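K.L.:
Submitted below is the structure of interest, expressed as structure tokens.
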Amino acid sequence: MWVKTINKYKHSRRIREITLQLITIEHSLTIGNSYMCGIVGYIGTQTATEILVSGLERLAYRGYDSAGVATISEGKLNCVRAKGKLYNLREKLERDVTQSQIGIGHTRWATHGKPEEHNAHPHLDQAMGVAVVQNGIIENYRELREELISKGYEFRSETDTEVIPNLIAEALANSASSLLEAVRQVIPCLEGQFAIAVISADHPYELVVARQQAPLTLGFGQGEFFCASDVTALLPYTHAVLTLDKGEMARLTPLGVEIYSFEGDRLTKFPRTLDWNPTQTEKQGFRHYMLKEIYEQPGVVRTCLESYLNPNWHADENPDFSPVTLGLSPRIYENLEQIQILACGTSWHASLVGKYLLEQLANIPTTVDYASEFRYSPRPLIANTLTIGVTQSGETADTLAALEMERDRRANLEPKFQVRLLGITNRPESSLAQLVDQIVNTQAGIEIGVAATKTFVAQVMGFYFLALDLAYRRQTLSMERIGEIIDGLRHIPTHIEKILETQESYLEELAHEFVETQDFIFVGRGINFPIALEGALKLKEISYIHAEAYPAGEMKHGPIALLDSKVPVVAVAMPGNVYEKVISNAQEAKARDARLIGVTSAMNAQEAAHIFDDLLTVPEVEELISPILAVIPLQLLAYHIAARRGLDVDQPRNLAKSVTVE
Ligand code: AGP
């Protein structure tokens with residue numbers, strides 16, 4: 001068994017890593033388990049069930065396939081669970097008349113194995129006295145389960161979580177003096193990355209939570225206290241929150257919150273106040289969150305410009321300070337020889353635009369890797385490297401693990417090889433923010449739609465600022481040129497507004513023609529190749545239409561064989577360096593009967609109308625600025641096709657907002 005191997009070779013880090021992967025694979029192949037989940041907990045004076053379910057509804061955007069709540073009433077645990085959507089749980093709860101002021105709830109997102117009710121959380125111990133919800137994975141659960149079975153315990157689910165309530169119940173039956181103490185005794189037995197919330201029928205005024213890895217935030221109300229995997233669940237009730245660090249646990253009672261280390265030391269920590277508005281998590285009249293978030297993009301860019309551009313910087317005054325105020329420490333910039341960026345999905349696409357900007361504007365060699373690849377095949381170590389992790393959620397497991405790996409392999413090396421970690425994230429309270437030295441907060445506001453839109457645009461803005469800051473510090477651009485680019489950036493919000501105003505109804509109509517389409521090809525070049533990738537990803541994520549993106553020049557090396565009249569080709573053809581090249585690549589596609597859709601500048605519309613069957617126009621800007629405009633019609637195209645197909649745009653099948661599993 002892999003667990004035994006891991007213990008035997010604990011001294012060898014690499015073997016341990018490989019073994020952990022094998023455990024995960026073995027585990028995933030054989031049972032239904034719970035990884036990307038949402039936890040909520042409540043203790044106070046109100047009826048817990050409604051607060052728990054509405055909290056779970058606010059976590060639904062993370063993705064889930066079953067849900068449940070457990071409360072305590074008249075000295076007994078009451079657990080209600082349901083497969084599928086949360087309204088199934090609500091329906092079951094309507095028949096439940098018990099009243100309780102304490103409870104825990106959970107949304108489960110199964111990666112493997114069937115999402116059945118018996119696998120849904122909360123899980124109870126055999127005697128039904130302790131209930132636990134877990135987000136994460138207990139890697140050594142098999143060993144623990146076998147041990148418990150040998151003592152006569154019986155299990156009702158196939159999950160890793162069910163061992164926890166049984167272990168806690170056992171600790172309570174033995175020496176533990178309180179629920180907190182029982183949980184504290186059990187934690188060292190659990191290997192893995194998890195966050196848990198626990199209640200016990202015998203301790204009806206106590207909710208205990210613990211965080212090993214998966215995120216967990218506490219909320220402070222008036223005589224009521226909360227916990228949740230994500231602050232969005234807490235917003236309607238409180239803005240005073242405290243995110244637990246790894247290795248911390250807490251006891252929530254109607255009188256207050258006590259925080260401890262896993263070693264049992266009492267910690268003094270203070271909540272912070274969220275400046276989020278609960279309406280940010282509402283649709284505000286839009287049919288879907290995704291559409292609302294697309295429409296929020298002008299505002300997001302304005303916020304970024306206001307936050308990060310120095311209003312006193314004027315190119316013609318030859319200023320001796322940077323035009324950008326990212327607030328980063330000098331160590332981030334010192335003697336930089338290379339930047340390496342690690343990210344996944346849409347954040348990886350934003351990073352590809354970032355690479356172009358950092359290399360072209362600041363003349364600094366930049367690599368971009370999928371975090372999931374980098375962690376198992378890292379690039380050779382280069383001195384004076386800045387490593388940037390890009391993740392809107394700040395919780396993507398692969399990105400966090402790749403950054404941790406980079407930090408660990410650079411530890412104890414000579415100073416010039418030592419790690420410098422920067423994060424670009426939309427969640428300043430996330431695990432990423434705790435891991436890296438500093439962050440650039442993209443300030444896009446909470447994004448609920450699983451398909452990233454406004455956070456992509458905000459990440460790209462972050463890269464413009466970083467590249468301009470570095471260009472200024474490294475003197476790779478003249479003040480005049482920096483001023484020109486900044487001027488261009490300042491116009492982006494009104495340009496996006498124009499696109500939304502002029503293109504949306506056209507795209508809504510156009511989408512109708514692609515409802516039955518099965519394959520799409522997207523092409524682009526240079527700084528707009530990542531936009532083709534992003535357009536294809538948006539389409540496949542929410543419309544389930546197969547879509548691929550290629551650098552336009554690569555089509556003739558193979559993908560062109562796919563083309564016929566049934567495969568539309570979307571070409572991002574923004575005026576600039578590679579415009580003519582993209583046009584000629586597009587014409588090659590047209591010669592193979594493909595229906596051509598062009599994203600181009602309004603100024604070129606007349607000429608482009610001869611080439612493209614359908615035109616998606618955006619305002620004329622210089623090529624360097626164009627990605628942030630070109631992506632907008634592609635977001636709208638994907639959105640309207642998916643909406644026309646009647647799909648669940650905000651929660652597409654099989655996807656989760658925060659991918660906290662490897
Ligand atoms: C984006 O539309 C996707 N849902 C997905 O690719 C996402 O970008 C990826 O999982 C990375 O997420 P992160 O930015 O939170 O790390």
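Chains: A, B, ... in order of the structure tokens. Residues: from 1 per chain. Ligands: from 1, in order shown.
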Residues of region 61-303 of chain A classed as helix (DSSP H, G or I) by DSSP on the backbone are to be reported as a PDB file with C-alpha atoms, in the first residue's frame.
P.N.:
```pdb
ATOM      1  CA  TYR A  61     -20.401  29.277  -7.824  1.00  0.00           C
ATOM      2  CA  ARG A  62     -17.397  27.225  -6.713  1.00  0.00           C
ATOM      3  CA  LEU A  86     -29.271  23.074  -3.620  1.00  0.00           C
ATOM      4  CA  TYR A  87     -33.009  23.335  -4.222  1.00  0.00           C
ATOM      5  CA  ASN A  88     -33.141  19.572  -3.592  1.00  0.00           C
ATOM      6  CA  LEU A  89     -31.655  20.207  -0.164  1.00  0.00           C
ATOM      7  CA  ARG A  90     -34.035  23.114   0.430  1.00  0.00           C
ATOM      8  CA  GLU A  91     -36.970  20.905  -0.488  1.00  0.00           C
ATOM      9  CA  LYS A  92     -35.906  18.260   2.029  1.00  0.00           C
ATOM     10  CA  LEU A  93     -35.337  20.890   4.697  1.00  0.00           C
ATOM     11  CA  GLU A  94     -38.866  22.228   4.244  1.00  0.00           C
ATOM     12  CA  GLU A 117     -26.279  11.261  -1.184  1.00  0.00           C
ATOM     13  CA  HIS A 118     -24.417   8.784   1.017  1.00  0.00           C
ATOM     14  CA  ASN A 119     -21.136  10.433   0.029  1.00  0.00           C
ATOM     15  CA  TYR A 141      -7.748   7.771   5.192  1.00  0.00           C
ATOM     16  CA  ARG A 142      -7.459   4.121   4.082  1.00  0.00           C
ATOM     17  CA  GLU A 143      -5.030   3.303   6.842  1.00  0.00           C
ATOM     18  CA  LEU A 144      -7.237   5.085   9.374  1.00  0.00           C
ATOM     19  CA  ARG A 145     -10.379   3.444   8.067  1.00  0.00           C
ATOM     20  CA  GLU A 146      -8.836  -0.027   8.272  1.00  0.00           C
ATOM     21  CA  GLU A 147      -7.737   0.670  11.805  1.00  0.00           C
ATOM     22  CA  LEU A 148     -11.252   1.794  12.772  1.00  0.00           C
ATOM     23  CA  ILE A 149     -12.847  -1.188  10.993  1.00  0.00           C
ATOM     24  CA  SER A 150     -10.563  -3.528  12.929  1.00  0.00           C
ATOM     25  CA  VAL A 163     -12.903   8.632   9.436  1.00  0.00           C
ATOM     26  CA  ILE A 164     -12.747  12.086  11.065  1.00  0.00           C
ATOM     27  CA  PRO A 165     -16.012  12.079  13.088  1.00  0.00           C
ATOM     28  CA  ASN A 166     -15.225   8.552  14.237  1.00  0.00           C
ATOM     29  CA  LEU A 167     -11.743   9.537  15.391  1.00  0.00           C
ATOM     30  CA  ILE A 168     -13.133  12.594  17.171  1.00  0.00           C
ATOM     31  CA  ALA A 169     -15.864  10.539  18.841  1.00  0.00           C
ATOM     32  CA  GLU A 170     -13.194   8.079  19.971  1.00  0.00           C
ATOM     33  CA  ALA A 171     -11.050  10.903  21.387  1.00  0.00           C
ATOM     34  CA  LEU A 172     -14.104  12.269  23.224  1.00  0.00           C
ATOM     35  CA  ALA A 173     -14.861   8.845  24.650  1.00  0.00           C
ATOM     36  CA  LEU A 179     -14.611  19.059  21.592  1.00  0.00           C
ATOM     37  CA  LEU A 180     -11.720  21.419  20.886  1.00  0.00           C
ATOM     38  CA  GLU A 181      -9.295  19.085  22.615  1.00  0.00           C
ATOM     39  CA  ALA A 182     -10.692  16.047  20.769  1.00  0.00           C
ATOM     40  CA  VAL A 183     -10.244  17.736  17.392  1.00  0.00           C
ATOM     41  CA  ARG A 184      -6.752  18.834  18.406  1.00  0.00           C
ATOM     42  CA  GLN A 185      -5.845  15.252  19.290  1.00  0.00           C
ATOM     43  CA  VAL A 186      -7.126  13.930  15.968  1.00  0.00           C
ATOM     44  CA  ILE A 187      -5.445  16.467  13.665  1.00  0.00           C
ATOM     45  CA  PRO A 188      -1.928  14.962  13.898  1.00  0.00           C
ATOM     46  CA  CYS A 189      -3.371  11.636  12.688  1.00  0.00           C
ATOM     47  CA  VAL A 231     -16.032  35.265   2.451  1.00  0.00           C
ATOM     48  CA  THR A 232     -18.842  35.509  -0.109  1.00  0.00           C
ATOM     49  CA  ALA A 233     -20.935  33.265   2.149  1.00  0.00           C
ATOM     50  CA  PRO A 278     -23.182  42.364  -0.777  1.00  0.00           C
ATOM     51  CA  THR A 279     -24.769  43.566  -4.044  1.00  0.00           C
ATOM     52  CA  GLN A 280     -21.520  42.546  -5.749  1.00  0.00           C
ATOM     53  CA  THR A 281     -22.719  39.003  -5.342  1.00  0.00           C
ATOM     54  CA  TYR A 289     -23.380  36.651 -13.545  1.00  0.00           C
ATOM     55  CA  MET A 290     -21.071  36.219 -16.511  1.00  0.00           C
ATOM     56  CA  LEU A 291     -22.884  38.894 -18.499  1.00  0.00           C
ATOM     57  CA  LYS A 292     -22.915  41.207 -15.492  1.00  0.00           C
ATOM     58  CA  GLU A 293     -19.194  40.655 -15.057  1.00  0.00           C
ATOM     59  CA  ILE A 294     -18.519  41.365 -18.732  1.00  0.00           C
ATOM     60  CA  TYR A 295     -20.361  44.665 -18.252  1.00  0.00           C
ATOM     61  CA  GLN A 297     -15.108  45.525 -17.102  1.00  0.00           C
ATOM     62  CA  PRO A 298     -14.949  49.270 -17.853  1.00  0.00           C
ATOM     63  CA  GLY A 299     -15.303  49.931 -14.118  1.00  0.00           C
ATOM     64  CA  VAL A 300     -12.682  47.319 -13.275  1.00  0.00           C
ATOM     65  CA  VAL A 301     -10.157  48.919 -15.620  1.00  0.00           C
ATOM     66  CA  ARG A 302     -10.944  52.365 -14.176  1.00  0.00           C
ATOM     67  CA  THR A 303     -10.307  51.075 -10.652  1.00  0.00           C
TER      68      THR A 303
END
```
K.L.:
Which residues in region 451-648 of chain A does DSSP call strand (DSSP E or B)? List them as a PDB file with all heavy atoms, in the first residue's frame.
P.N.:
```
ATOM      1  N   ASP A 519     -17.579  22.557 -33.984  1.00  0.00           N
ATOM      2  CA  ASP A 519     -16.155  22.877 -33.819  1.00  0.00           C
ATOM      3  C   ASP A 519     -15.888  24.313 -34.229  1.00  0.00           C
ATOM      4  O   ASP A 519     -16.488  24.799 -35.189  1.00  0.00           O
ATOM      5  CB  ASP A 519     -15.291  21.990 -34.727  1.00  0.00           C
ATOM      6  CG  ASP A 519     -15.561  20.535 -34.499  1.00  0.00           C
ATOM      7  OD1 ASP A 519     -15.014  19.982 -33.546  1.00  0.00           O
ATOM      8  OD2 ASP A 519     -16.346  19.957 -35.296  1.00  0.00           O
ATOM      9  N   PHE A 520     -14.983  24.938 -33.532  1.00  0.00           N
ATOM     10  CA  PHE A 520     -14.536  26.290 -33.862  1.00  0.00           C
ATOM     11  C   PHE A 520     -13.012  26.312 -33.857  1.00  0.00           C
ATOM     12  O   PHE A 520     -12.384  25.615 -33.044  1.00  0.00           O
ATOM     13  CB  PHE A 520     -14.977  27.273 -32.767  1.00  0.00           C
ATOM     14  CG  PHE A 520     -16.208  28.067 -33.072  1.00  0.00           C
ATOM     15  CD1 PHE A 520     -17.465  27.572 -32.758  1.00  0.00           C
ATOM     16  CD2 PHE A 520     -16.106  29.323 -33.648  1.00  0.00           C
ATOM     17  CE1 PHE A 520     -18.606  28.316 -33.013  1.00  0.00           C
ATOM     18  CE2 PHE A 520     -17.251  30.079 -33.899  1.00  0.00           C
ATOM     19  CZ  PHE A 520     -18.498  29.572 -33.582  1.00  0.00           C
ATOM     20  N   ILE A 521     -12.440  27.130 -34.734  1.00  0.00           N
ATOM     21  CA  ILE A 521     -10.993  27.372 -34.658  1.00  0.00           C
ATOM     22  C   ILE A 521     -10.811  28.869 -34.408  1.00  0.00           C
ATOM     23  O   ILE A 521     -11.490  29.697 -35.020  1.00  0.00           O
ATOM     24  CB  ILE A 521     -10.289  27.002 -35.987  1.00  0.00           C
ATOM     25  CG1 ILE A 521     -10.523  25.535 -36.349  1.00  0.00           C
ATOM     26  CG2 ILE A 521      -8.805  27.346 -35.932  1.00  0.00           C
ATOM     27  CD1 ILE A 521      -9.661  24.534 -35.646  1.00  0.00           C
ATOM     28  N   PHE A 522      -9.898  29.206 -33.526  1.00  0.00           N
ATOM     29  CA  PHE A 522      -9.540  30.603 -33.253  1.00  0.00           C
ATOM     30  C   PHE A 522      -8.078  30.799 -33.632  1.00  0.00           C
ATOM     31  O   PHE A 522      -7.249  29.942 -33.314  1.00  0.00           O
ATOM     32  CB  PHE A 522      -9.697  30.937 -31.760  1.00  0.00           C
ATOM     33  CG  PHE A 522     -11.124  31.025 -31.298  1.00  0.00           C
ATOM     34  CD1 PHE A 522     -11.924  29.889 -31.209  1.00  0.00           C
ATOM     35  CD2 PHE A 522     -11.670  32.246 -30.936  1.00  0.00           C
ATOM     36  CE1 PHE A 522     -13.248  29.971 -30.775  1.00  0.00           C
ATOM     37  CE2 PHE A 522     -12.993  32.339 -30.493  1.00  0.00           C
ATOM     38  CZ  PHE A 522     -13.777  31.196 -30.424  1.00  0.00           C
ATOM     39  N   VAL A 523      -7.775  31.892 -34.295  1.00  0.00           N
ATOM     40  CA  VAL A 523      -6.365  32.174 -34.604  1.00  0.00           C
ATOM     41  C   VAL A 523      -6.025  33.614 -34.242  1.00  0.00           C
ATOM     42  O   VAL A 523      -6.888  34.500 -34.234  1.00  0.00           O
ATOM     43  CB  VAL A 523      -6.023  31.924 -36.103  1.00  0.00           C
ATOM     44  CG1 VAL A 523      -6.166  30.457 -36.457  1.00  0.00           C
ATOM     45  CG2 VAL A 523      -6.871  32.791 -37.029  1.00  0.00           C
ATOM     46  N   GLY A 524      -4.751  33.808 -33.934  1.00  0.00           N
ATOM     47  CA  GLY A 524      -4.241  35.147 -33.631  1.00  0.00           C
ATOM     48  C   GLY A 524      -2.725  35.071 -33.697  1.00  0.00           C
ATOM     49  O   GLY A 524      -2.170  33.967 -33.824  1.00  0.00           O
ATOM     50  N   HIS A 546     -16.545  22.251 -29.098  1.00  0.00           N
ATOM     51  CA  HIS A 546     -15.118  22.038 -29.232  1.00  0.00           C
ATOM     52  C   HIS A 546     -14.472  23.245 -29.932  1.00  0.00           C
ATOM     53  O   HIS A 546     -14.933  23.676 -30.989  1.00  0.00           O
ATOM     54  CB  HIS A 546     -14.877  20.763 -30.053  1.00  0.00           C
ATOM     55  CG  HIS A 546     -13.452  20.579 -30.436  1.00  0.00           C
ATOM     56  ND1 HIS A 546     -13.034  20.505 -31.737  1.00  0.00           N
ATOM     57  CD2 HIS A 546     -12.335  20.507 -29.668  1.00  0.00           C
ATOM     58  CE1 HIS A 546     -11.726  20.368 -31.761  1.00  0.00           C
ATOM     59  NE2 HIS A 546     -11.276  20.363 -30.527  1.00  0.00           N
ATOM     60  N   ALA A 547     -13.448  23.791 -29.324  1.00  0.00           N
ATOM     61  CA  ALA A 547     -12.780  24.965 -29.922  1.00  0.00           C
ATOM     62  C   ALA A 547     -11.287  24.867 -29.664  1.00  0.00           C
ATOM     63  O   ALA A 547     -10.852  24.497 -28.571  1.00  0.00           O
ATOM     64  CB  ALA A 547     -13.336  26.244 -29.295  1.00  0.00           C
ATOM     65  N   GLU A 548     -10.510  25.175 -30.698  1.00  0.00           N
ATOM     66  CA  GLU A 548      -9.047  25.148 -30.572  1.00  0.00           C
ATOM     67  C   GLU A 548      -8.499  26.483 -31.020  1.00  0.00           C
ATOM     68  O   GLU A 548      -9.069  27.127 -31.904  1.00  0.00           O
ATOM     69  CB  GLU A 548      -8.444  24.077 -31.493  1.00  0.00           C
ATOM     70  CG  GLU A 548      -8.853  22.667 -31.181  1.00  0.00           C
ATOM     71  CD  GLU A 548      -8.360  22.197 -29.832  1.00  0.00           C
ATOM     72  OE1 GLU A 548      -7.336  22.727 -29.346  1.00  0.00           O
ATOM     73  OE2 GLU A 548      -9.018  21.327 -29.253  1.00  0.00           O
ATOM     74  N   ALA A 549      -7.376  26.869 -30.452  1.00  0.00           N
ATOM     75  CA  ALA A 549      -6.734  28.108 -30.906  1.00  0.00           C
ATOM     76  C   ALA A 549      -5.312  27.810 -31.359  1.00  0.00           C
ATOM     77  O   ALA A 549      -4.619  26.985 -30.753  1.00  0.00           O
ATOM     78  CB  ALA A 549      -6.717  29.124 -29.770  1.00  0.00           C
ATOM     79  N   TYR A 550      -4.917  28.477 -32.414  1.00  0.00           N
ATOM     80  CA  TYR A 550      -3.556  28.314 -32.936  1.00  0.00           C
ATOM     81  C   TYR A 550      -2.977  29.675 -33.272  1.00  0.00           C
ATOM     82  O   TYR A 550      -3.718  30.590 -33.653  1.00  0.00           O
ATOM     83  CB  TYR A 550      -3.568  27.482 -34.234  1.00  0.00           C
ATOM     84  CG  TYR A 550      -4.102  26.096 -34.040  1.00  0.00           C
ATOM     85  CD1 TYR A 550      -5.425  25.800 -34.343  1.00  0.00           C
ATOM     86  CD2 TYR A 550      -3.290  25.086 -33.533  1.00  0.00           C
ATOM     87  CE1 TYR A 550      -5.934  24.529 -34.142  1.00  0.00           C
ATOM     88  CE2 TYR A 550      -3.786  23.814 -33.326  1.00  0.00           C
ATOM     89  CZ  TYR A 550      -5.115  23.541 -33.638  1.00  0.00           C
ATOM     90  OH  TYR A 550      -5.619  22.284 -33.432  1.00  0.00           O
ATOM     91  N   PRO A 551      -1.651  29.785 -33.204  1.00  0.00           N
ATOM     92  CA  PRO A 551      -1.048  30.981 -33.791  1.00  0.00           C
ATOM     93  C   PRO A 551      -1.360  30.910 -35.290  1.00  0.00           C
ATOM     94  O   PRO A 551      -1.195  29.839 -35.901  1.00  0.00           O
ATOM     95  CB  PRO A 551       0.453  30.790 -33.529  1.00  0.00           C
ATOM     96  CG  PRO A 551       0.574  29.675 -32.557  1.00  0.00           C
ATOM     97  CD  PRO A 551      -0.665  28.833 -32.690  1.00  0.00           C
ATOM     98  N   VAL A 569     -13.956  29.875 -38.470  1.00  0.00           N
ATOM     99  CA  VAL A 569     -12.647  30.312 -37.986  1.00  0.00           C
ATOM    100  C   VAL A 569     -12.776  31.751 -37.492  1.00  0.00           C
ATOM    101  O   VAL A 569     -13.237  32.629 -38.226  1.00  0.00           O
ATOM    102  CB  VAL A 569     -11.589  30.235 -39.107  1.00  0.00           C
ATOM    103  CG1 VAL A 569     -10.267  30.858 -38.654  1.00  0.00           C
ATOM    104  CG2 VAL A 569     -11.366  28.785 -39.519  1.00  0.00           C
ATOM    105  N   VAL A 570     -12.393  31.973 -36.238  1.00  0.00           N
ATOM    106  CA  VAL A 570     -12.401  33.322 -35.680  1.00  0.00           C
ATOM    107  C   VAL A 570     -10.968  33.831 -35.708  1.00  0.00           C
ATOM    108  O   VAL A 570     -10.083  33.233 -35.089  1.00  0.00           O
ATOM    109  CB  VAL A 570     -12.911  33.316 -34.219  1.00  0.00           C
ATOM    110  CG1 VAL A 570     -12.931  34.739 -33.662  1.00  0.00           C
ATOM    111  CG2 VAL A 570     -14.284  32.672 -34.124  1.00  0.00           C
ATOM    112  N   ALA A 571     -10.737  34.909 -36.448  1.00  0.00           N
ATOM    113  CA  ALA A 571      -9.377  35.449 -36.539  1.00  0.00           C
ATOM    114  C   ALA A 571      -9.293  36.773 -35.795  1.00  0.00           C
ATOM    115  O   ALA A 571     -10.092  37.681 -36.036  1.00  0.00           O
ATOM    116  CB  ALA A 571      -8.999  35.646 -38.000  1.00  0.00           C
ATOM    117  N   VAL A 572      -8.343  36.856 -34.847  1.00  0.00           N
ATOM    118  CA  VAL A 572      -8.119  38.126 -34.151  1.00  0.00           C
ATOM    119  C   VAL A 572      -7.107  38.896 -34.997  1.00  0.00           C
ATOM    120  O   VAL A 572      -5.920  38.572 -35.026  1.00  0.00           O
ATOM    121  CB  VAL A 572      -7.590  37.891 -32.721  1.00  0.00           C
ATOM    122  CG1 VAL A 572      -7.486  39.211 -31.968  1.00  0.00           C
ATOM    123  CG2 VAL A 572      -8.485  36.913 -31.971  1.00  0.00           C
ATOM    124  N   LEU A 596     -15.580  32.765 -42.020  1.00  0.00           N
ATOM    125  CA  LEU A 596     -14.565  33.580 -41.339  1.00  0.00           C
ATOM    126  C   LEU A 596     -15.199  34.672 -40.491  1.00  0.00           C
ATOM    127  O   LEU A 596     -15.966  35.494 -40.996  1.00  0.00           O
ATOM    128  CB  LEU A 596     -13.692  34.284 -42.373  1.00  0.00           C
ATOM    129  CG  LEU A 596     -12.407  33.626 -42.839  1.00  0.00           C
ATOM    130  CD1 LEU A 596     -11.591  34.644 -43.623  1.00  0.00           C
ATOM    131  CD2 LEU A 596     -11.585  33.089 -41.675  1.00  0.00           C
ATOM    132  N   ILE A 597     -14.828  34.700 -39.221  1.00  0.00           N
ATOM    133  CA  ILE A 597     -15.298  35.764 -38.326  1.00  0.00           C
ATOM    134  C   ILE A 597     -14.059  36.561 -37.924  1.00  0.00           C
ATOM    135  O   ILE A 597     -13.088  35.980 -37.422  1.00  0.00           O
ATOM    136  CB  ILE A 597     -15.962  35.169 -37.067  1.00  0.00           C
ATOM    137  CG1 ILE A 597     -17.127  34.265 -37.497  1.00  0.00           C
ATOM    138  CG2 ILE A 597     -16.436  36.253 -36.122  1.00  0.00           C
ATOM    139  CD1 ILE A 597     -17.467  33.210 -36.498  1.00  0.00           C
ATOM    140  N   GLY A 598     -14.088  37.842 -38.167  1.00  0.00           N
ATOM    141  CA  GLY A 598     -12.899  38.657 -37.865  1.00  0.00           C
ATOM    142  C   GLY A 598     -13.131  39.584 -36.696  1.00  0.00           C
ATOM    143  O   GLY A 598     -14.164  40.243 -36.605  1.00  0.00           O
ATOM    144  N   VAL A 599     -12.140  39.629 -35.779  1.00  0.00           N
ATOM    145  CA  VAL A 599     -12.155  40.655 -34.732  1.00  0.00           C
ATOM    146  C   VAL A 599     -11.125  41.674 -35.173  1.00  0.00           C
ATOM    147  O   VAL A 599      -9.927  41.375 -35.261  1.00  0.00           O
ATOM    148  CB  VAL A 599     -11.750  40.070 -33.362  1.00  0.00           C
ATOM    149  CG1 VAL A 599     -11.822  41.150 -32.288  1.00  0.00           C
ATOM    150  CG2 VAL A 599     -12.630  38.896 -33.000  1.00  0.00           C
ATOM    151  N   THR A 600     -11.579  42.868 -35.493  1.00  0.00           N
ATOM    152  CA  THR A 600     -10.641  43.852 -36.021  1.00  0.00           C
ATOM    153  C   THR A 600     -11.070  45.255 -35.608  1.00  0.00           C
ATOM    154  O   THR A 600     -12.099  45.433 -34.943  1.00  0.00           O
ATOM    155  CB  THR A 600     -10.489  43.713 -37.551  1.00  0.00           C
ATOM    156  OG1 THR A 600      -9.387  44.514 -37.967  1.00  0.00           O
ATOM    157  CG2 THR A 600     -11.748  44.133 -38.292  1.00  0.00           C
ATOM    158  N   SER A 601     -10.271  46.227 -36.037  1.00  0.00           N
ATOM    159  CA  SER A 601     -10.574  47.596 -35.645  1.00  0.00           C
ATOM    160  C   SER A 601     -11.648  48.194 -36.546  1.00  0.00           C
ATOM    161  O   SER A 601     -11.717  47.888 -37.748  1.00  0.00           O
ATOM    162  CB  SER A 601      -9.280  48.403 -35.712  1.00  0.00           C
ATOM    163  OG  SER A 601      -9.464  49.540 -36.466  1.00  0.00           O
ATOM    164  N   ASP A 614     -18.224  37.644 -41.143  1.00  0.00           N
ATOM    165  CA  ASP A 614     -18.828  38.380 -40.028  1.00  0.00           C
ATOM    166  C   ASP A 614     -17.735  39.203 -39.367  1.00  0.00           C
ATOM    167  O   ASP A 614     -16.617  38.716 -39.173  1.00  0.00           O
ATOM    168  CB  ASP A 614     -19.400  37.407 -38.985  1.00  0.00           C
ATOM    169  CG  ASP A 614     -20.329  36.397 -39.622  1.00  0.00           C
ATOM    170  OD1 ASP A 614     -21.444  36.765 -39.986  1.00  0.00           O
ATOM    171  OD2 ASP A 614     -19.898  35.229 -39.785  1.00  0.00           O
ATOM    172  N   LEU A 615     -18.077  40.421 -39.033  1.00  0.00           N
ATOM    173  CA  LEU A 615     -17.067  41.308 -38.438  1.00  0.00           C
ATOM    174  C   LEU A 615     -17.439  41.703 -37.021  1.00  0.00           C
ATOM    175  O   LEU A 615     -18.557  42.142 -36.756  1.00  0.00           O
ATOM    176  CB  LEU A 615     -16.994  42.600 -39.251  1.00  0.00           C
ATOM    177  CG  LEU A 615     -15.962  42.689 -40.350  1.00  0.00           C
ATOM    178  CD1 LEU A 615     -15.911  44.115 -40.870  1.00  0.00           C
ATOM    179  CD2 LEU A 615     -14.583  42.258 -39.878  1.00  0.00           C
ATOM    180  N   LEU A 616     -16.502  41.549 -36.105  1.00  0.00           N
ATOM    181  CA  LEU A 616     -16.682  42.032 -34.734  1.00  0.00           C
ATOM    182  C   LEU A 616     -15.687  43.170 -34.565  1.00  0.00           C
ATOM    183  O   LEU A 616     -14.481  42.939 -34.498  1.00  0.00           O
ATOM    184  CB  LEU A 616     -16.386  40.913 -33.723  1.00  0.00           C
ATOM    185  CG  LEU A 616     -17.032  39.552 -34.027  1.00  0.00           C
ATOM    186  CD1 LEU A 616     -16.666  38.533 -32.963  1.00  0.00           C
ATOM    187  CD2 LEU A 616     -18.546  39.686 -34.102  1.00  0.00           C
ATOM    188  N   THR A 617     -16.187  44.379 -34.550  1.00  0.00           N
ATOM    189  CA  THR A 617     -15.263  45.516 -34.556  1.00  0.00           C
ATOM    190  C   THR A 617     -15.073  46.115 -33.167  1.00  0.00           C
ATOM    191  O   THR A 617     -15.982  46.140 -32.346  1.00  0.00           O
ATOM    192  CB  THR A 617     -15.756  46.620 -35.519  1.00  0.00           C
ATOM    193  OG1 THR A 617     -17.080  46.960 -35.139  1.00  0.00           O
ATOM    194  CG2 THR A 617     -15.709  46.177 -36.955  1.00  0.00           C
ATOM    195  N   VAL A 618     -13.845  46.609 -32.971  1.00  0.00           N
ATOM    196  CA  VAL A 618     -13.510  47.299 -31.714  1.00  0.00           C
ATOM    197  C   VAL A 618     -12.834  48.620 -32.094  1.00  0.00           C
ATOM    198  O   VAL A 618     -12.317  48.751 -33.207  1.00  0.00           O
ATOM    199  CB  VAL A 618     -12.567  46.444 -30.831  1.00  0.00           C
ATOM    200  CG1 VAL A 618     -13.172  45.091 -30.513  1.00  0.00           C
ATOM    201  CG2 VAL A 618     -11.205  46.258 -31.473  1.00  0.00           C
TER     202      VAL A 618
END
```
K.L.:
Between A:Arg644, A:Lys581, A:Lys556, A:Lys538, which is the closest to ligand 1 once you count only C-alpha atoms and all ligand atoms?
P.N.:
A:Lys538
K.L.:
Counting only C-alpha atoms and all ligand atoms, which protein, DNA or RNA residues come within 6 Å of ligand 1, given as a PyMOL selection string?
P.N.:
chain A and resi 344-347+391-394+396+450-452+657-659
